[in-house]
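**Q** Handing you a structure now.
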Amino acid sequence: MKRLTLLLTAIAISTPLLANAEIAAVQNQAKPLVNTPTSLAPYKAKDYTYLIGMAGFSDYALNTHFTLYQGYVKNVNLLLDILKQYDSDGSEKTPQYQEIKRRLMWEFDGMRLHELYFNNLGGKNSTFDRNSPLYQQIVSDFGSYEAWKKDFVATGGLRGIGWVVLYHDPISGRLINAWVGEHDVGNMASGNPILIMDVWEHAYMLDYGIDRMGYIDAFFNNIDWKVVANRYPKEQKA
Ligand SMILES: [Fe+2]
């Protein structure tokens, strides 16, 4: 706004005959060019308490997980607010700005992956429609549902913290089970996330200790296949 005022003052000085109405018109035209992120609503944590009671997931583990997720949402908003200050005072070349900028997508992807994960859970007695386009594509790409699941579960057994994401590559139409380590490392650029499984230790150790496969079994028993199938785009190739 300060720059805009200076600009308008300069215009007024250099063009003394510029009428007030014209200044107002310039001001109005300039408004859309001024990115005012303060007008953007903060991200809000979604409520997943309806998942409480899922077989194989204790209330304590789920509530702890919800709290962790809410932390990502909080930090996304916090970092965006901090970055606005750097943008406005010209200190964007400082190491502090650059590290906060690097951190932003780690928090954001942590937030979004958790939302996708919680959203594809809660499918009590859910069945995977064998006639659905997603199921058919899985069979086409992996040979069978069982072969796809074996690969997905094996990916979930990788040592270290991370996520397993069944991605749809919109360019080739292929389905790929991907390992996403840190939230922001390993995501498929332009890929459509179809099924997401959290295998960070907080997701399973409270209930299963180091028995990650026991947790993965419980995860599969609670997948909402309708949600998952609906994520598969109707247009399979770009
Ligand atoms: Fe998590």
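Residues are referred to by chain and number: the chain letter is A, B, ... according to the order shown in the structure tokens, the number counts from 1 in that chain, and ligands are numbered separately from 1 in the order shown.
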Counting only C-alpha atoms, what is within 10 Å of range 81-87 of chain A, bar same-chain residues fewer than 2 positions away, as a list in words?

**A**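 Answer for this query is Thr36, Pro37, Thr38, Pro42, Asn75, Val76, Asn77, Leu78, Leu79, Asp89, Gly90, Ser91, Glu92, Lys93, Thr94, Gln96, Tyr97, Gln98, Ile100, Lys101 and Leu104 of chain A.
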
**Q** If we count only C-alpha atoms and set the cut-off at 6 Å, which residues sit around range 164-172 of chain A, ignoring sequence neighbours fewer than 4 positions away in its own chain? Please answer as a list of chain:residue names.

**A**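 In the requested format, the answer is A:Gly156, A:Ile176, A:Asn177, A:Ala178, A:Trp179, A:Gly191, A:Asn192, A:Pro193, A:Ile194, A:Leu195, A:Ile196, A:Met197, A:Lys237, A:Ala238.
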
**Q** To one decimal place, how far is CA of Val185 in chain A from CA of Glu115 in chain A in Å?

**A**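 Separating CA of Val185 in chain A from CA of Glu115 in chain A is a distance of 17.4 Å.
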
**Q** Step by step, measure atom-to-atom distances between ligand 1 and each residue using only C-alpha atoms and all ligand atoms, keep those at most 10 Å, then write them as a list in words.

**A** Leu62, Thr64, His65, Phe66, Thr67, Leu68, Tyr69, Tyr72, Gly110, Met111, Leu113, His114, Glu115, Tyr117, Phe118, Ile161, Gly162, Trp163, His183, Met197, Asp198, Val199, Trp200, Glu201, His202, Ala203 and Tyr204 of chain A

**Q** Save out the residues we just selected, N, CA and C atoms, as an mmCIF file, in the first residue's frame.

**A**
data_model
loop_
_atom_site.group_PDB
_atom_site.id
_atom_site.type_symbol
_atom_site.label_atom_id
_atom_site.label_comp_id
_atom_site.auth_asym_id
_atom_site.auth_seq_id
_atom_site.Cartn_x
_atom_site.Cartn_y
_atom_site.Cartn_z
ATOM 1 N N LEU A 62 -5.845 -42.844 17.604
ATOM 2 C CA LEU A 62 -6.506 -41.955 16.634
ATOM 3 C C LEU A 62 -6.506 -40.514 17.121
ATOM 4 N N THR A 64 -4.461 -39.134 19.171
ATOM 5 C CA THR A 64 -3.084 -38.625 19.078
ATOM 6 C C THR A 64 -2.765 -38.228 17.644
ATOM 7 N N HIS A 65 -3.209 -39.051 16.713
ATOM 8 C CA HIS A 65 -2.952 -38.782 15.297
ATOM 9 C C HIS A 65 -3.684 -37.501 14.840
ATOM 10 N N PHE A 66 -4.897 -37.324 15.309
ATOM 11 C CA PHE A 66 -5.642 -36.097 14.949
ATOM 12 C C PHE A 66 -4.903 -34.858 15.465
ATOM 13 N N THR A 67 -4.366 -34.975 16.681
ATOM 14 C CA THR A 67 -3.635 -33.834 17.257
ATOM 15 C C THR A 67 -2.389 -33.512 16.434
ATOM 16 N N LEU A 68 -1.698 -34.563 16.016
ATOM 17 C CA LEU A 68 -0.515 -34.339 15.178
ATOM 18 C C LEU A 68 -0.909 -33.667 13.863
ATOM 19 N N TYR A 69 -1.977 -34.137 13.271
ATOM 20 C CA TYR A 69 -2.470 -33.539 12.018
ATOM 21 C C TYR A 69 -2.814 -32.067 12.218
ATOM 22 N N TYR A 72 0.080 -29.800 11.883
ATOM 23 C CA TYR A 72 0.503 -29.442 10.520
ATOM 24 C C TYR A 72 -0.319 -28.264 10.001
ATOM 25 N N GLY A 110 2.415 -32.574 4.732
ATOM 26 C CA GLY A 110 2.030 -33.327 5.927
ATOM 27 C C GLY A 110 0.551 -33.145 6.235
ATOM 28 N N MET A 111 0.087 -31.923 6.069
ATOM 29 C CA MET A 111 -1.338 -31.644 6.280
ATOM 30 C C MET A 111 -2.203 -32.376 5.246
ATOM 31 N N LEU A 113 -1.519 -34.865 3.064
ATOM 32 C CA LEU A 113 -1.442 -36.333 3.051
ATOM 33 C C LEU A 113 -2.274 -36.925 4.187
ATOM 34 N N HIS A 114 -2.255 -36.272 5.351
ATOM 35 C CA HIS A 114 -3.089 -36.777 6.455
ATOM 36 C C HIS A 114 -4.576 -36.681 6.102
ATOM 37 N N GLU A 115 -4.964 -35.616 5.429
ATOM 38 C CA GLU A 115 -6.379 -35.482 5.061
ATOM 39 C C GLU A 115 -6.781 -36.577 4.077
ATOM 40 N N TYR A 117 -5.357 -39.447 3.787
ATOM 41 C CA TYR A 117 -5.281 -40.706 4.539
ATOM 42 C C TYR A 117 -6.547 -40.915 5.379
ATOM 43 N N PHE A 118 -6.881 -39.922 6.183
ATOM 44 C CA PHE A 118 -8.082 -40.074 7.020
ATOM 45 C C PHE A 118 -9.334 -40.226 6.149
ATOM 46 N N ILE A 161 10.503 -43.841 7.959
ATOM 47 C CA ILE A 161 9.192 -43.225 8.081
ATOM 48 C C ILE A 161 8.722 -42.754 6.713
ATOM 49 N N GLY A 162 7.427 -42.837 6.496
ATOM 50 C CA GLY A 162 6.941 -42.363 5.205
ATOM 51 C C GLY A 162 5.485 -42.690 4.953
ATOM 52 N N TRP A 163 5.150 -42.614 3.698
ATOM 53 C CA TRP A 163 3.799 -42.865 3.221
ATOM 54 C C TRP A 163 3.856 -43.812 2.036
ATOM 55 N N HIS A 183 7.279 -35.909 4.064
ATOM 56 C CA HIS A 183 6.014 -35.594 3.397
ATOM 57 C C HIS A 183 6.207 -35.008 2.001
ATOM 58 N N MET A 197 -1.551 -44.373 2.545
ATOM 59 C CA MET A 197 -1.355 -45.069 3.826
ATOM 60 C C MET A 197 -0.182 -44.421 4.566
ATOM 61 N N ASP A 198 -0.441 -44.043 5.787
ATOM 62 C CA ASP A 198 0.573 -43.444 6.664
ATOM 63 C C ASP A 198 1.360 -44.569 7.319
ATOM 64 N N VAL A 199 2.670 -44.570 7.131
ATOM 65 C CA VAL A 199 3.503 -45.536 7.857
ATOM 66 C C VAL A 199 4.602 -44.817 8.654
ATOM 67 N N TRP A 200 4.304 -43.586 9.047
ATOM 68 C CA TRP A 200 5.155 -42.970 10.056
ATOM 69 C C TRP A 200 4.915 -43.749 11.361
ATOM 70 N N GLU A 201 5.891 -43.739 12.215
ATOM 71 C CA GLU A 201 5.782 -44.572 13.419
ATOM 72 C C GLU A 201 4.596 -44.183 14.303
ATOM 73 N N HIS A 202 4.251 -42.901 14.308
ATOM 74 C CA HIS A 202 3.125 -42.489 15.158
ATOM 75 C C HIS A 202 1.811 -43.112 14.690
ATOM 76 N N ALA A 203 1.765 -43.544 13.428
ATOM 77 C CA ALA A 203 0.521 -44.100 12.886
ATOM 78 C C ALA A 203 0.231 -45.492 13.444
ATOM 79 N N TYR A 204 1.286 -46.211 13.875
ATOM 80 C CA TYR A 204 1.037 -47.601 14.269
ATOM 81 C C TYR A 204 1.676 -48.036 15.590
#

**Q** Calculated over only C-alpha atoms, which of the candidates A:Pro95, A:Arg231, A:Phe219, A:Lys226 has the smallest distance to Asp129 in chain A?

**A**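 Closest residue, counting only C-alpha atoms: A:Lys226.
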
**Q** Report as a PyMOL selection string: the residues of range 48-215 of chain A with a DSSP assignment of helix (DSSP H, G or I), based on the backbone of this structure.

**A** chain A and resi 49-51+59-89+95-119+133-142+145-156+201-208+212-215
